[in-house]
Every structure is written in C-alpha cells, then in structure tokens.
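Colleague: Data file coords_21.tsv (TSV, C-alpha atoms) is appended below.
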chain	number	residue	atom	x	y	z
G	1	MET	CA	49.06	-22.13	51.80
G	2	ASN	CA	45.79	-20.85	50.35
G	3	ALA	CA	47.69	-18.42	48.13
G	4	PHE	CA	49.92	-21.22	46.89
G	5	ALA	CA	46.86	-23.38	46.15
G	6	LEU	CA	45.16	-20.58	44.23
G	7	ARG	CA	48.30	-20.01	42.14
G	8	ALA	CA	48.55	-23.72	41.43
G	9	VAL	CA	44.91	-23.88	40.35
G	10	ALA	CA	45.37	-20.83	38.11
G	11	VAL	CA	48.43	-22.38	36.48
G	12	LEU	CA	46.61	-25.65	35.95
G	13	VAL	CA	43.57	-23.91	34.42
G	14	ALA	CA	45.78	-21.87	32.09
G	15	ALA	CA	47.83	-24.89	31.06
G	16	GLY	CA	44.70	-26.96	30.56
G	17	SER	CA	43.12	-24.28	28.40
G	18	PHE	CA	46.28	-24.01	26.30
G	19	VAL	CA	46.54	-27.74	25.78
G	20	GLY	CA	42.81	-28.07	25.05
G	21	ALA	CA	42.73	-25.20	22.57
G	22	THR	CA	45.86	-26.48	20.83
G	23	ALA	CA	44.38	-29.95	20.55
G	24	TYR	CA	41.14	-28.55	19.13
G	25	VAL	CA	42.88	-26.43	16.53
G	26	VAL	CA	45.15	-29.28	15.46
G	27	THR	CA	42.22	-31.64	15.02
G	28	HIS	CA	39.97	-29.05	13.30
G	29	PRO	CA	42.07	-27.45	10.57
G	30	LYS	CA	38.95	-26.43	8.58
G	31	ASP	CA	35.35	-25.99	9.58
G	32	PRO	CA	33.04	-25.97	6.55
G	33	SER	CA	30.20	-24.62	8.64
G	34	ALA	CA	32.15	-21.57	9.74
G	35	PRO	CA	30.25	-18.32	9.05
G	36	LEU	CA	31.10	-16.47	5.86
G	37	GLN	CA	33.08	-13.31	6.07
G	38	PRO	CA	30.95	-10.16	5.77
G	39	PRO	CA	31.25	-8.27	2.47
G	40	VAL	CA	33.82	-5.51	2.51
G	41	ALA	CA	31.54	-3.12	0.67
G	42	ASP	CA	27.85	-2.70	0.03
G	43	THR	CA	27.42	-3.67	-3.62
G	44	THR	CA	23.64	-3.52	-3.71
G	45	SER	CA	23.49	0.10	-4.73
G	46	GLN	CA	26.22	-0.12	-7.34
G	47	PRO	CA	26.26	-3.50	-9.05
G	48	VAL	CA	29.61	-4.46	-10.46
G	49	ARG	CA	30.82	-7.57	-12.18
G	50	SER	CA	33.06	-9.63	-10.05
G	51	ALA	CA	35.60	-12.18	-11.20
G	52	THR	CA	34.97	-14.08	-7.99
G	53	PRO	CA	31.34	-13.52	-7.10
G	54	PRO	CA	30.35	-13.66	-3.45
G	55	PRO	CA	28.58	-16.85	-2.43
G	56	THR	CA	24.80	-16.78	-2.44
G	57	ALA	CA	22.13	-19.33	-1.70
G	58	GLN	CA	21.01	-19.33	-5.35
G	59	PRO	CA	23.75	-18.25	-7.69
G	60	SER	CA	22.90	-15.93	-10.53
G	61	GLY	CA	23.53	-16.95	-14.10
G	62	ARG	CA	26.75	-15.02	-14.24
G	63	GLN	CA	28.02	-16.49	-11.00
G	64	VAL	CA	27.27	-19.99	-12.23
G	65	ARG	CA	29.07	-19.21	-15.47
G	66	ALA	CA	32.07	-17.88	-13.60
G	67	THR	CA	32.40	-20.76	-11.21
G	68	VAL	CA	30.87	-23.92	-12.64
G	69	ARG	CA	30.21	-23.83	-16.36
G	70	PRO	CA	32.74	-24.20	-19.09
G	71	ALA	CA	33.60	-20.99	-20.90
G	72	PRO	CA	30.82	-19.92	-23.28
G	73	THR	CA	31.32	-19.95	-27.02
G	74	ILE	CA	31.31	-16.33	-28.15
G	75	THR	CA	30.96	-15.05	-31.70
G	76	LEU	CA	31.14	-11.34	-32.51
G	77	GLN	CA	30.25	-10.05	-35.95
G	78	PRO	CA	32.08	-7.06	-37.46
G	79	GLY	CA	30.74	-3.92	-35.80
G	80	VAL	CA	30.93	-5.27	-32.27
G	81	ARG	CA	34.27	-5.39	-30.53
G	82	ALA	CA	35.51	-6.59	-27.20
G	83	THR	CA	37.28	-4.30	-24.77
G	84	GLU	CA	39.41	-4.57	-21.68
G	85	LEU	CA	37.34	-1.86	-19.99
G	86	PRO	CA	35.26	-3.02	-17.03
G	87	GLY	CA	31.60	-3.36	-17.95
G	88	VAL	CA	29.16	-0.95	-16.36
G	89	THR	CA	26.56	-3.74	-16.41
G	90	TYR	CA	25.98	-7.08	-18.09
G	91	THR	CA	23.30	-9.08	-19.83
G	92	HIS	CA	22.01	-12.05	-17.92
G	93	THR	CA	19.06	-14.36	-17.67
G	94	SER	CA	16.19	-13.20	-15.51
P	1	MET	CA	27.50	9.45	-15.28
P	2	ARG	CA	24.37	9.01	-13.22
P	3	GLN	CA	22.86	5.68	-12.32
P	4	ARG	CA	19.72	4.38	-10.69
P	5	VAL	CA	19.11	0.83	-9.49
P	6	PHE	CA	15.73	-0.57	-8.50
P	7	THR	CA	13.61	-3.71	-8.54
P	8	ALA	CA	10.80	-4.19	-11.04
P	9	LEU	CA	9.58	-6.69	-13.62
P	10	GLY	CA	10.65	-9.52	-11.34
P	11	GLY	CA	14.30	-8.56	-11.08
P	12	ASP	CA	16.96	-5.89	-10.86
P	13	CYS	CA	16.78	-2.90	-13.16
P	14	GLU	CA	19.58	-0.42	-13.84
P	15	LEU	CA	19.50	2.95	-15.56
P	16	TYR	CA	22.70	4.75	-16.59
P	17	ALA	CA	22.93	8.11	-18.32
P	18	VAL	CA	25.67	10.53	-19.22
P	19	ASP	CA	23.36	13.38	-20.09
P	20	ALA	CA	20.28	12.96	-17.90
P	21	THR	CA	19.26	14.52	-14.61
P	22	GLU	CA	18.26	12.65	-11.47
P	23	ASP	CA	14.68	13.67	-12.19
P	24	GLU	CA	14.83	12.12	-15.64
P	25	LEU	CA	16.14	8.86	-14.19
P	26	ALA	CA	13.43	8.95	-11.53
P	27	ARG	CA	10.80	9.45	-14.22
P	28	GLY	CA	12.29	6.50	-16.11
P	29	GLU	CA	11.99	4.30	-13.04
P	30	ALA	CA	8.42	5.44	-12.44
P	31	TRP	CA	7.51	4.55	-16.02
P	32	ILE	CA	8.92	1.04	-15.61
P	33	HIS	CA	6.91	0.52	-12.41
P	34	GLU	CA	3.79	1.73	-14.22
P	35	MET	CA	4.43	-0.65	-17.11
P	36	HIS	CA	5.09	-3.50	-14.68
P	37	ASP	CA	1.73	-2.92	-13.02
P	38	ARG	CA	0.02	-2.92	-16.41
P	39	LEU	CA	1.77	-5.92	-17.92
P	40	THR	CA	2.14	-8.37	-15.06
P	41	ARG	CA	0.12	-11.58	-15.20
P	42	PHE	CA	0.32	-11.98	-11.44
P	43	THR	CA	-2.44	-9.51	-10.58
P	44	GLU	CA	-6.00	-9.85	-11.81
P	45	THR	CA	-6.36	-6.11	-12.25
P	46	SER	CA	-3.43	-5.55	-14.61
P	47	GLU	CA	-4.23	-4.53	-18.15
P	48	LEU	CA	-2.76	-7.79	-19.44
P	49	SER	CA	-4.88	-9.89	-17.07
P	50	ARG	CA	-8.00	-7.99	-18.05
P	51	PHE	CA	-7.13	-8.51	-21.71
P	52	ASN	CA	-6.70	-12.25	-21.13
P	53	ALA	CA	-10.01	-12.31	-19.25
P	54	SER	CA	-11.75	-10.67	-22.20
P	55	ALA	CA	-10.95	-13.56	-24.56
P	56	GLY	CA	-13.35	-13.68	-27.49
P	57	ARG	CA	-14.09	-9.94	-27.52
P	58	TRP	CA	-12.36	-7.06	-29.26
P	59	ILE	CA	-11.29	-4.57	-26.61
P	60	GLU	CA	-9.42	-1.31	-26.66
P	61	VAL	CA	-5.97	-1.56	-25.09
P	62	SER	CA	-3.31	1.00	-24.29
P	63	HIS	CA	-0.88	2.10	-26.95
P	64	GLU	CA	1.87	0.21	-25.12
P	65	LEU	CA	0.00	-3.08	-24.89
P	66	ALA	CA	-1.11	-2.82	-28.51
P	67	GLU	CA	2.48	-2.30	-29.60
P	68	LEU	CA	3.71	-5.18	-27.44
P	69	LEU	CA	1.10	-7.49	-28.92
P	70	ARG	CA	2.26	-6.45	-32.40
P	71	GLN	CA	5.83	-7.21	-31.34
P	72	ALA	CA	4.67	-10.60	-30.10
P	73	LEU	CA	3.17	-11.35	-33.51
P	74	ARG	CA	6.36	-10.18	-35.16
P	75	ALA	CA	8.42	-12.39	-32.83
P	76	TYR	CA	6.29	-15.36	-33.80
P	77	GLU	CA	6.82	-14.58	-37.47
P	78	ILE	CA	10.59	-14.13	-37.42
P	79	SER	CA	11.16	-17.06	-35.08
P	80	GLY	CA	9.20	-19.46	-37.25
P	81	GLY	CA	6.73	-19.95	-34.42
P	82	LEU	CA	9.27	-20.73	-31.69
P	83	VAL	CA	8.59	-17.51	-29.78
P	84	HIS	CA	4.92	-17.86	-28.95
P	85	VAL	CA	3.36	-15.66	-26.26
P	86	GLY	CA	0.34	-17.95	-26.11
P	87	THR	CA	2.14	-20.65	-24.11
P	88	LEU	CA	0.98	-19.46	-20.70
P	89	ALA	CA	-1.07	-22.65	-20.23
P	90	GLY	CA	2.13	-24.68	-20.53
P	91	LEU	CA	3.86	-22.49	-17.96
P	92	LEU	CA	0.97	-22.90	-15.54
P	93	ALA	CA	0.93	-26.68	-16.07
P	94	ALA	CA	4.64	-26.75	-15.26
P	95	GLY	CA	3.91	-25.14	-11.89
P	96	TYR	CA	4.83	-21.50	-12.51
P	97	THR	CA	1.49	-20.06	-11.49
P	98	ARG	CA	2.51	-17.18	-9.26
P	99	ASP	CA	5.37	-14.83	-8.54
P	100	PHE	CA	8.57	-16.87	-8.59
P	101	SER	CA	9.54	-15.76	-5.10
P	102	LEU	CA	6.42	-17.51	-3.74
P	103	GLY	CA	7.50	-20.89	-5.07
P	104	SER	CA	6.03	-23.31	-7.56
P	105	THR	CA	2.73	-25.16	-7.46
P	106	PRO	CA	2.09	-28.82	-8.39
P	107	THR	CA	2.58	-29.73	-12.02
P	108	ALA	CA	-0.17	-30.94	-14.34
P	109	ALA	CA	-0.22	-32.68	-17.70
P	110	PRO	CA	0.90	-30.28	-20.42
P	111	PRO	CA	-1.86	-28.86	-22.60
P	112	ALA	CA	-2.00	-29.39	-26.35
P	113	PRO	CA	0.38	-27.23	-28.40
P	114	PRO	CA	-1.17	-23.85	-29.18
P	115	LYS	CA	-2.56	-22.79	-32.52
P	116	PRO	CA	-0.41	-20.46	-34.61
P	117	LEU	CA	-0.34	-17.09	-32.87
P	118	PRO	CA	-1.92	-15.12	-35.76
P	119	GLU	CA	-4.94	-17.42	-35.47
P	120	VAL	CA	-5.50	-16.62	-31.80
P	121	LEU	CA	-4.30	-13.02	-31.47
P	122	GLU	CA	-5.23	-10.05	-33.63
P	123	VAL	CA	-4.41	-6.36	-33.26
P	124	ARG	CA	-5.98	-3.51	-35.25
P	125	GLY	CA	-4.74	-0.15	-34.11
P	126	ARG	CA	-5.55	-0.10	-30.42
P	127	LEU	CA	-8.15	-2.82	-30.66
P	128	ALA	CA	-7.03	-6.33	-29.80
P	129	LEU	CA	-8.60	-9.76	-29.68
P	130	VAL	CA	-7.41	-12.97	-28.09
P	131	ARG	CA	-9.38	-16.11	-28.87
P	132	PRO	CA	-10.97	-18.14	-26.06
P	133	GLY	CA	-8.65	-20.80	-24.71
P	134	THR	CA	-5.55	-18.66	-25.17
P	135	ALA	CA	-3.84	-16.51	-22.57
P	136	ILE	CA	-0.91	-14.20	-23.25
P	137	ASP	CA	2.30	-13.94	-21.26
P	138	LEU	CA	4.58	-11.29	-22.71
P	139	GLY	CA	7.61	-12.46	-20.73
P	140	GLY	CA	10.96	-11.30	-21.99
P	141	ILE	CA	9.56	-9.49	-25.02
P	142	ALA	CA	8.16	-6.87	-22.67
P	143	LYS	CA	11.48	-6.34	-20.94
P	144	GLY	CA	13.36	-5.92	-24.20
P	145	TRP	CA	10.77	-3.61	-25.69
P	146	LEU	CA	10.61	-1.50	-22.54
P	147	ALA	CA	14.40	-1.15	-22.53
P	148	ASP	CA	14.29	0.05	-26.14
P	149	ARG	CA	11.51	2.55	-25.44
P	150	LEU	CA	12.96	3.90	-22.20
P	151	THR	CA	16.29	4.78	-23.77
P	152	GLU	CA	14.36	6.80	-26.37
P	153	ARG	CA	12.48	8.63	-23.65
P	154	MET	CA	15.33	9.16	-21.23
P	155	ALA	CA	18.43	10.58	-22.89
P	156	GLU	CA	20.67	10.65	-25.96
P	157	ASN	CA	23.47	8.83	-24.17
P	158	CYS	CA	22.13	6.23	-21.78
P	159	LEU	CA	21.82	2.55	-21.04
P	160	VAL	CA	18.78	0.73	-19.69
P	161	ASN	CA	19.14	-2.78	-18.29
P	162	LEU	CA	15.87	-4.43	-17.28
P	163	CYS	CA	16.59	-7.75	-15.62
P	164	GLY	CA	19.36	-8.52	-18.10
P	165	ASP	CA	17.68	-7.26	-21.28
P	166	LEU	CA	19.43	-4.03	-22.17
P	167	TYR	CA	19.77	-1.32	-24.78
P	168	ALA	CA	22.77	1.01	-25.02
P	169	ARG	CA	22.10	4.34	-26.71
P	170	GLY	CA	24.93	6.69	-27.60
P	171	ALA	CA	28.65	6.42	-27.04
P	172	GLY	CA	28.78	6.04	-23.25
P	173	ASP	CA	31.03	8.15	-21.07
P	174	THR	CA	34.24	7.17	-22.86
P	175	GLY	CA	32.91	7.99	-26.33
P	176	GLU	CA	33.67	4.46	-27.58
P	177	GLY	CA	30.38	2.81	-26.66
P	178	TRP	CA	28.95	1.35	-23.46
P	179	PRO	CA	31.09	-1.45	-22.02
P	180	VAL	CA	28.78	-4.35	-21.26
P	181	GLY	CA	29.51	-7.80	-19.86
P	182	PHE	CA	28.65	-10.41	-22.47
P	183	GLY	CA	29.43	-14.05	-21.77
P	184	ASP	CA	32.89	-13.96	-20.22
P	185	LYS	CA	33.92	-10.88	-22.21
P	186	THR	CA	33.15	-7.19	-22.17
P	187	VAL	CA	31.91	-5.65	-25.43
P	188	LEU	CA	31.32	-2.07	-26.49
P	189	LEU	CA	27.73	-1.39	-27.47
P	190	ARG	CA	26.52	1.73	-29.21
P	191	ASP	CA	22.90	1.90	-30.34
P	192	LEU	CA	22.60	-1.83	-29.83
P	193	GLY	CA	20.66	-4.19	-27.61
P	194	ALA	CA	21.60	-7.37	-25.78
P	195	ALA	CA	19.61	-10.02	-23.99
P	196	THR	CA	20.03	-13.42	-22.42
P	197	SER	CA	17.69	-16.36	-22.22
P	198	GLY	CA	18.43	-19.26	-19.91
P	199	THR	CA	16.98	-22.26	-18.19
P	200	THR	CA	18.85	-22.25	-14.89
P	201	LYS	CA	17.76	-19.09	-13.09
P	202	ARG	CA	14.03	-19.68	-12.79
P	203	MET	CA	14.23	-23.39	-12.21
P	204	TRP	CA	12.12	-25.16	-9.61
P	205	GLY	CA	12.86	-28.83	-10.19
P	206	PRO	CA	14.55	-31.27	-12.55
P	207	GLY	CA	13.61	-30.20	-16.06
P	208	LEU	CA	11.23	-27.54	-14.73
P	209	HIS	CA	11.99	-24.00	-15.83
P	210	HIS	CA	10.22	-21.01	-17.31
P	211	LEU	CA	11.08	-21.43	-20.99
P	212	ILE	CA	8.17	-23.29	-22.57
P	213	ASP	CA	8.67	-24.93	-25.95
P	214	PRO	CA	5.48	-24.22	-27.95
P	215	ARG	CA	5.99	-27.44	-29.88
P	216	THR	CA	5.52	-29.54	-26.74
P	217	MET	CA	4.09	-27.05	-24.20
P	218	ARG	CA	6.65	-28.42	-21.76
P	219	PRO	CA	9.78	-26.71	-20.43
P	220	ALA	CA	12.27	-26.77	-23.29
P	221	VAL	CA	14.78	-29.59	-23.53
P	222	THR	CA	18.00	-28.12	-24.90
P	223	ASP	CA	21.74	-28.66	-24.71
P	224	LEU	CA	22.20	-24.97	-23.87
P	225	GLU	CA	21.81	-23.49	-20.43
P	226	GLU	CA	22.09	-19.92	-21.57
P	227	ALA	CA	22.16	-17.91	-24.80
P	228	SER	CA	23.10	-14.24	-24.94
P	229	VAL	CA	22.63	-12.23	-28.12
P	230	ILE	CA	23.51	-8.76	-29.41
P	231	ALA	CA	21.12	-7.25	-31.95
P	232	SER	CA	19.98	-3.89	-33.23
P	233	THR	CA	17.35	-3.69	-30.49
P	234	ALA	CA	16.85	-5.31	-27.11
P	235	THR	CA	13.55	-6.68	-28.38
P	236	ASP	CA	15.25	-8.53	-31.21
P	237	ALA	CA	18.06	-9.66	-28.93
P	238	GLU	CA	15.49	-11.19	-26.60
P	239	ILE	CA	13.68	-12.94	-29.46
P	240	PHE	CA	16.92	-14.25	-30.96
P	241	ALA	CA	18.21	-15.48	-27.58
P	242	LYS	CA	15.03	-17.43	-26.97
P	243	VAL	CA	15.17	-19.03	-30.42
P	244	ALA	CA	18.82	-19.94	-29.88
P	245	LEU	CA	18.04	-21.66	-26.62
P	246	LEU	CA	15.18	-23.63	-28.16
P	247	LEU	CA	17.22	-24.68	-31.18
P	248	GLY	CA	20.20	-25.87	-29.16
P	249	ARG	CA	23.87	-25.22	-29.84
P	250	ASP	CA	24.19	-26.44	-33.43
P	251	GLY	CA	20.93	-24.99	-34.68
P	252	ALA	CA	21.56	-21.70	-32.90
P	253	GLN	CA	24.93	-21.14	-34.56
P	254	THR	CA	23.36	-21.44	-37.99
P	255	TRP	CA	20.21	-19.47	-37.21
P	256	LEU	CA	21.99	-16.57	-35.53
P	257	LYS	CA	24.67	-16.17	-38.20
P	258	ASP	CA	22.46	-14.15	-40.54
P	259	ARG	CA	20.55	-12.27	-37.87
P	260	ALA	CA	22.52	-11.41	-34.76
P	261	LEU	CA	25.54	-9.16	-34.27
P	262	GLY	CA	27.03	-11.33	-31.56
P	263	TRP	CA	26.16	-14.36	-29.48
P	264	SER	CA	27.39	-16.31	-26.53
P	265	LEU	CA	26.27	-19.89	-26.01
P	266	ALA	CA	26.83	-21.81	-22.80
Would you give me this structure, written as structure tokens?
Modeller:
Amino acid sequence: MNAFALRAVAVLVAAGSFVGATAYVVTHPKDPSAPLQPPVADTTSQPVRSATPPPTAQPSGRQVRATVRPAPTITLQPGVRATELPGVTYTHTS
Amino acid sequence: MRQRVFTALGGDCELYAVDATEDELARGEAWIHEMHDRLTRFTETSELSRFNASAGRWIEVSHELAELLRQALRAYEISGGLVHVGTLAGLLAAGYTRDFSLGSTPTAAPPAPPKPLPEVLEVRGRLALVRPGTAIDLGGIAKGWLADRLTERMAENCLVNLCGDLYARGAGDTGEGWPVGFGDKTVLLRDLGAATSGTTKRMWGPGLHHLIDPRTMRPAVTDLEEASVIASTATDAEIFAKVALLLGRDGAQTWLKDRALGWSLA
C-alpha cells in the first residue's frame, strides 16, 4: 500500500510539474529581462567592426549609426575610393 | 601585421604596423601615455595645466606643447574662428569639469564668448603665453596631431588610431592602402588622415555635450550628430570635422567641398 501511494505521489508530482511548466512557457513566450547571451569571442583585444554590434549600456557612435540613425551622407573626392575589404579599424567620435 | 590596443587619451587607441617590431609598437604606446600625462587638463601637474596656471607670463614649454599650440592657432585661422581651444570655460560651465567616467557636475551660466585666439595665445619658438582669463583645452587637436606624429616615428607602413582620430601611412598589408571604416563604408587610405566629431558620445543631458560653440560658449546646437572627414593629415581631419559639425549639414557640404578629401555626415 505504501509503495502504491509513493508511486501515485511521484506520478502526480511529475504530471503537475509538466502541466505547470507547460502553462508557464505558453504564457511567457518572451522575457525581455532574460540575461543576454555571453559573447562567443573576446573582442577586446582585437577590435573589429560588426554589422550587428553587441548590446552595451551606452552604445558607441558606430553602434548608434548601425542600429538607430539613418544612413550617413557620404562624399568621396577623387583619390579616395571605397572597398569591399573589411576595415582594420574605423574613425569614430571619442 | 602587428597590432597593439590600449587605453589612453580618454578612449581606445590602436596601433597597426606591417613593418614594425613589438618593441616599436610598445615604444609608440609609451609615447602616447607620456603625451597624455603632459596634455591632460584633468591633473594639476600636467604640463598643460601648469601652462594654464601660468596665465599672464611667458613660459618655456616642451617642443610638443609649443607645436600643439601653434596647431591650435592654425586651426582657429583656417576654421574662421570656429575651432577655438580657449573655450574651456564654456565646457566647465556645461558641467564637464572632470574625467568623463566620473560624471558631470552642475551646470552654470555660460561665460562670455572668448576673444579671438591670437589675442589670448601667443607662441614664439618654445615660449608661450596665455592671457589671464583664458584656459586652453587641446581636445581633439591633440589626438589628431599625435596620430600624425606617431606614424612618423613608428614605421613606414602603419596606422595609428587614437580614440577615432587616425592616420594611415603607407600602403597597408594589401598594398592598396589601409581599409578603414568611414560612415557606413570602408575606404582605402594611404598617407591620409581621418577623424570624427560628434555630439552623442560624450553627452550627459539634453543638449549637454562636449562640443562647445565659441560663438555662444554653450554646447553646439546643430542638425548633425556626427561628422567624419578624410584629409591629408589627422590634424586637419579633426579640425574639418569639428567645423562641419558646428556649421550643420548644409554649411558643412559647402565648406568641406574645397578642403576635405571625403566626408560623412549623419
């Protein structure tokens, strides 16, 4: 009898957990306060330009430009040409 | 290609060289730290602070400070007075009284616009004089000038980026020029400088930022958030970018056309 009661309690706990977890997930499809994913690589020692900059508390000028601002108006005089090569660095406000 | 990244002059600095040793890059970094200690306005013992404290007297300054003060006078001249290193009082009144990382201080009424720079700052060889009531803040001019000078010292084929003000010397490791992010493009720079001036990075309240308009001694009111410029030197690029920001979009397009080699306005 005790064994049967223990099994019944275990089944009820498992079923309750399943139902509860399912209900939570269904009602919480997105949690804005969820922690950010850790960076996949340490970029502090080798700065690179990123098309999708990682989020920071205070975005840099380039990050703001990439995510919020309209595209800048660029004029290049003869003698300076654009390239498809990745930049080794970039000019930015300080 | 070798590279070295460090913090100085209030931001991130990067050195790149195709033909330099680690020791040469390390010496370059050491020189920037030395210049930072001499030129900062945030310590009372820096050479710049001692120069400001000596207002009214001719004093002997280092070769580097003398040259930077000459560049400041030149910047005033070619900018029609818009780049004025004697606006420190306006910056202090706006609340930027200490290192930016420590936060701002309460604002005060802006002081009267400064006198023309040549009337309050004189340089003869290594002797310099600042008139009482004026204090100098070299700001971006120092970063641009240091980038220009360090590339000369470091290597034939190198790039120095000091907090966004940069100079690219030589053809880079591809032989075509150094690829550098500029606005939302990448451009190839060879023996050219680039710099950016903006109002959004060092901002501590609505309308409060570090770019003081010498005409009002208040933070500049402009329809641009950022201006990036390519010029023959980083020093000139820095001067031109600041003028562009102060003039606003329409004025900048006209002003830059005959002076800069490229510009990005946002």
Colleague: Taking all atoms listed in the file into account, produce a table as a tab-separated table in which each residue of chain G with an atom at most 6 Å from an atom of chain P appears once, together with its shortest atom pair and the distance in Å to one decimal, ordered by chain and rising number.
Modeller:
residue	atom	partner	partner_atom	distance
G:Pro72	CA	P:Ala266	CA	4.4
G:Thr73	CA	P:Leu265	CA	5.2
G:Ile74	CA	P:Ser264	CA	4.2
G:Thr75	CA	P:Trp263	CA	5.3
G:Leu76	CA	P:Gly262	CA	4.2
G:Gln77	CA	P:Leu261	CA	5.1
G:Arg81	CA	P:Val187	CA	5.6
G:Ala82	CA	P:Val187	CA	4.1
G:Thr83	CA	P:Val187	CA	5.6
G:Gly87	CA	P:Val180	CA	4.5
G:Val88	CA	P:Val180	CA	6.0
G:Thr89	CA	P:Val180	CA	5.4
G:Tyr90	CA	P:Gly181	CA	4.0
G:Thr91	CA	P:Gly164	CA	4.3
G:His92	CA	P:Gly164	CA	4.4
G:Thr93	CA	P:Thr196	CA	4.9
G:Ser94	CA	P:Cys163	CA	5.5
Colleague: How many Å lie between atom CA of P:Ala93 and atom CA of P:Pro110, rounded to one decimal?
Modeller: 5.6 Å
Colleague: Which distance in Å separates atom CA of P:Ile239 and atom CA of P:Leu91, to one decimal?
Modeller: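 Going from atom CA of P:Ile239 over to atom CA of P:Leu91 covers 17.9 Å.
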Colleague: Would you work out the distance separating atom CA of P:Ser46 from atom CA of P:Arg131, expressed in Å to one decimal?
Modeller: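 We find that atom CA of P:Ser46 and atom CA of P:Arg131 lie 18.7 Å from each other.
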Colleague: Using all atoms listed in the file, pick whichever of P:Ser79, P:Phe240, P:Leu48, P:Ile136 has the shortest atom-to-atom distance to P:Glu60.
Modeller: P:Leu48
Colleague: Would you kindly return, as a list of chain:residue names, each protein, DNA or RNA residue with an atom no farther than 9 Å from any atom of P:Asp19, considering all atoms listed in the file and excluding same-chain residues fewer than 4 positions away?
Modeller: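 The neighbour list is P:Met1, P:Arg2, P:Ala155, P:Glu156, P:Asn157, P:Cys158.
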